[in-house]
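Taking it in order: structure first as structure tokens, then the write-up.
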Amino acid sequence: MNSLTQQKSLTWMIIIIFFVAAFYLISDVLTPFFVSIFIAYLANPAISRMEAAGVPRWVSMLIGIVALTFIVASILLLLLPTLQSQLASFADKLPEYISHAKQWMTTLVMRIKEFSGNTEDSQNGGSVVLNAISPESIPVSGEAAAATVEAVKASAITLLKSVTNIFLVPVIAFYLLRDWNTITEKVTSLIPEGYRKRIINIGTQADEVLKSFLHGQFLVMCALAILYSAGLFLIGLDFSLLIGVIAGALSFVPFLGTGIGLIIACIVSIMQSDQWLDVWKVLVVFSIGQFIEGNLLTPKLVGEKINLHPVIVIFAVLAGGELFGFVGILLALPVAAVAWVVIKDVAKNSQPSE
């Protein structure tokens with residue numbers, strides 16, 4: 001490797017490190033931009049197809065925005081009232097759930113101490129442990145009051161940011177869609193001639209992987225949300241829609257959506273019927289869901305294009321969330337998929353020719 005090549009490699013390494021550091025420092029500000037890029041990336045193929053069919057791009061964008069707004073509004077109008085009702089009801093029953101949990105755990109502590117031969121303080125021991133989660137044990141004055149005020153201020157700031165982002169996202173997405181072809185052409189022109197063909201090839205492969213994964217995973221999430229909600233509704237479980245939506249929305253991480261949904265559903269089932277044996281119905285619903293996902297939904301809708309081990313997927317999501325918050329969670333799997341494409345390309349081109 002000559003000195004010029006080494007200098008170019010060092011320059012690119014410095015540029016990459018600079019952008020990663022800048023991304024980390026301003027990750028909170030970038031949230032609406034990356035959400036907008038995500039929306040524009042998903043919407044651009046359909047708009048480009050309409051444009052290729054002779055429809056002006058601005059008309060294609062208008063049709064796409066109206067269609068997307070109609071779909072989202074319809075879903076919200078159909079599901080949001082029920083979700084809000086179930087969420088409010090769940091919040092109302094939460095103290096009752098905590099009370100039941102305290103009783104169960106007190107009994108468990110007493111039995112453990114009976115086995116250990118120490119029964120004198122069994123009741124007190126259970127109370128001491130469980131009062132930590134009792135609403136009555138939460139202080140409401142002094143430092144707690146100051147902490148509450150700070151929490152309210154933080155919530156107000158978060159709400160203001162959320163409202164601002166809600167208005168920013170469609171505006172940014174509109175301009176990105178309008179100038180998508182121009183932006184991609186300018187980005188391509190910035191790539192050095194010697195690397196352009198290879199980088200475009202990697203970009204094409206990554207684009208195919210991302211489109212396949214994102215569209216497929218979104219359909220899997222929707223299908224699981226419907227499946228779990230319907231199954232829990234059929235067995236007569238309270239909050240079936242809320243639990244199903246949570247389980248489906250979190251299913252982009254392997255076993256996370258199923259695990260959390262199963263835990264919540266089992267707790268609700270026990271509280272609802274006061275019978276541990278009724279949990280088998282919940283287990284059947286989630287077992288059927290896992291079977292359908294593993295054998296039908298994921299192979300057919302997502303396929304093996306991303307080909308990332310579940311452990312890598314979980315690590316990517318957790319690491320992204322820890323480093324960059326919501327933006328990191330949003331970008332974890334796309335970045336992991338692109339990185340995997342790059343690694344395979346580097347490995348392929350680094351093999352010695354025979």
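Ordering of the structure tokens sets the chain letters (A, B, ...); residue numbers start at 1 within each chain; ligands are numbered from 1 in the order shown.
For region 41-54 of chain A, the non-local neighbours within 8 Å, defined as residues at least 2 positions apart in the same chain or in other chains and counting only C-alpha atoms, are Ile37, Phe38, Ile39, Pro56, Arg57, Ser60, Met61, Gly64, Leu177, Trp180 and Lys211 of chain A.
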Can you list, as a PDB file with N, CA and C atoms, in the first residue's frame, every protein, DNA or RNA residue that comes within 8 Å of region 226-234 of chain A when you count only C-alpha atoms, leaving out same-chain residues fewer than 2 positions away?
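This went into part.pdb:
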ATOM      1  N   CYS A 222     -47.580  -6.482  12.352  1.00  0.00           N
ATOM      2  CA  CYS A 222     -49.035  -6.284  12.241  1.00  0.00           C
ATOM      3  C   CYS A 222     -49.785  -7.605  12.377  1.00  0.00           C
ATOM      4  N   ALA A 223     -49.260  -8.654  11.720  1.00  0.00           N
ATOM      5  CA  ALA A 223     -49.919  -9.957  11.766  1.00  0.00           C
ATOM      6  C   ALA A 223     -49.927 -10.523  13.181  1.00  0.00           C
ATOM      7  N   LEU A 224     -48.811 -10.383  13.894  1.00  0.00           N
ATOM      8  CA  LEU A 224     -48.746 -10.895  15.263  1.00  0.00           C
ATOM      9  C   LEU A 224     -49.662 -10.105  16.192  1.00  0.00           C
ATOM     10  N   GLY A 236     -61.325 -14.731  26.213  1.00  0.00           N
ATOM     11  CA  GLY A 236     -62.004 -13.876  27.179  1.00  0.00           C
ATOM     12  C   GLY A 236     -61.097 -13.086  28.092  1.00  0.00           C
ATOM     13  N   LEU A 237     -59.877 -12.807  27.666  1.00  0.00           N
ATOM     14  CA  LEU A 237     -58.931 -12.082  28.514  1.00  0.00           C
ATOM     15  C   LEU A 237     -59.166 -10.582  28.415  1.00  0.00           C
ATOM     16  N   ASP A 238     -59.125  -9.911  29.554  1.00  0.00           N
ATOM     17  CA  ASP A 238     -59.218  -8.455  29.566  1.00  0.00           C
ATOM     18  C   ASP A 238     -57.980  -7.846  28.913  1.00  0.00           C
ATOM     19  N   SER A 240     -57.168  -7.477  25.854  1.00  0.00           N
ATOM     20  CA  SER A 240     -56.615  -8.318  24.782  1.00  0.00           C
ATOM     21  C   SER A 240     -55.979  -7.478  23.676  1.00  0.00           C
ATOM     22  N   LEU A 241     -56.640  -6.384  23.276  1.00  0.00           N
ATOM     23  CA  LEU A 241     -56.100  -5.542  22.215  1.00  0.00           C
ATOM     24  C   LEU A 241     -54.807  -4.869  22.665  1.00  0.00           C
ATOM     25  N   LEU A 242     -54.790  -4.341  23.881  1.00  0.00           N
ATOM     26  CA  LEU A 242     -53.604  -3.668  24.408  1.00  0.00           C
ATOM     27  C   LEU A 242     -52.414  -4.621  24.473  1.00  0.00           C
ATOM     28  N   ILE A 243     -52.634  -5.816  24.992  1.00  0.00           N
ATOM     29  CA  ILE A 243     -51.545  -6.795  25.114  1.00  0.00           C
ATOM     30  C   ILE A 243     -51.085  -7.255  23.737  1.00  0.00           C
ATOM     31  N   GLY A 244     -52.034  -7.481  22.828  1.00  0.00           N
ATOM     32  CA  GLY A 244     -51.669  -7.922  21.482  1.00  0.00           C
ATOM     33  C   GLY A 244     -50.857  -6.890  20.726  1.00  0.00           C
ATOM     34  N   VAL A 245     -51.248  -5.624  20.849  1.00  0.00           N
ATOM     35  CA  VAL A 245     -50.510  -4.550  20.171  1.00  0.00           C
ATOM     36  C   VAL A 245     -49.089  -4.426  20.744  1.00  0.00           C
ATOM     37  N   ALA A 247     -47.313  -6.805  22.230  1.00  0.00           N
ATOM     38  CA  ALA A 247     -46.548  -7.978  21.809  1.00  0.00           C
ATOM     39  C   ALA A 247     -46.145  -7.890  20.341  1.00  0.00           C
ATOM     40  N   GLY A 248     -47.062  -7.429  19.493  1.00  0.00           N
ATOM     41  CA  GLY A 248     -46.738  -7.297  18.074  1.00  0.00           C
ATOM     42  C   GLY A 248     -45.729  -6.208  17.809  1.00  0.00           C
ATOM     43  N   VAL A 282     -53.620 -18.840  27.885  1.00  0.00           N
ATOM     44  CA  VAL A 282     -52.675 -17.827  27.401  1.00  0.00           C
ATOM     45  C   VAL A 282     -51.473 -18.494  26.761  1.00  0.00           C
ATOM     46  N   VAL A 285     -52.301 -19.616  23.249  1.00  0.00           N
ATOM     47  CA  VAL A 285     -52.368 -18.508  22.285  1.00  0.00           C
ATOM     48  C   VAL A 285     -50.963 -18.097  21.840  1.00  0.00           C
ATOM     49  N   PHE A 286     -50.059 -17.918  22.797  1.00  0.00           N
ATOM     50  CA  PHE A 286     -48.715 -17.463  22.446  1.00  0.00           C
ATOM     51  C   PHE A 286     -47.887 -18.577  21.792  1.00  0.00           C
ATOM     52  N   GLY A 289     -48.994 -18.491  18.251  1.00  0.00           N
ATOM     53  CA  GLY A 289     -48.403 -17.315  17.615  1.00  0.00           C
ATOM     54  C   GLY A 289     -46.950 -17.515  17.271  1.00  0.00           C
TER      55      GLY A 289
END
Please provide as an NGL selection string all residues within 12 Å of Leu331 (chain A), with the sequence filter that same-chain residues fewer than 6 positions apart are discarded (counting only C-alpha atoms). :A and (27 or 30-31 or 33-35 or 37-38 or 210 or 214 or 313 or 316-321 or 323-325 or 337-339)
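Among A:Met13, A:Val59, A:Val341, A:Val20, the residue with the shortest atom-to-atom distance to Asn201 (chain A), counting only C-alpha atoms, is A:Val341.
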How many Å separate CA of Ile246 (chain A) from CA of Pro170 (chain A)? 25.0 Å
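Using only C-alpha atoms for every distance, the candidate list A:Leu262, A:Asp179, A:Val253, A:Ser85 yields A:Val253 as the residue closest to Ile312 (chain A).
Comparing A:Thr258, A:Thr184, A:Gln103, A:Ser212 by their smallest distance to Ile200 (chain A), the closest is A:Thr184 (using only C-alpha atoms).
Among the candidates A:Val311, A:Cys266, A:Met221, A:Ala206, the one nearest to Ile343 (chain A) when counting only C-alpha atoms is A:Ala206.
When only C-alpha atoms are used to measure the gap to Leu301 (chain A), the shortest distance among A:Arg196, A:Lys344, A:Lys281, A:His215 belongs to A:His215.
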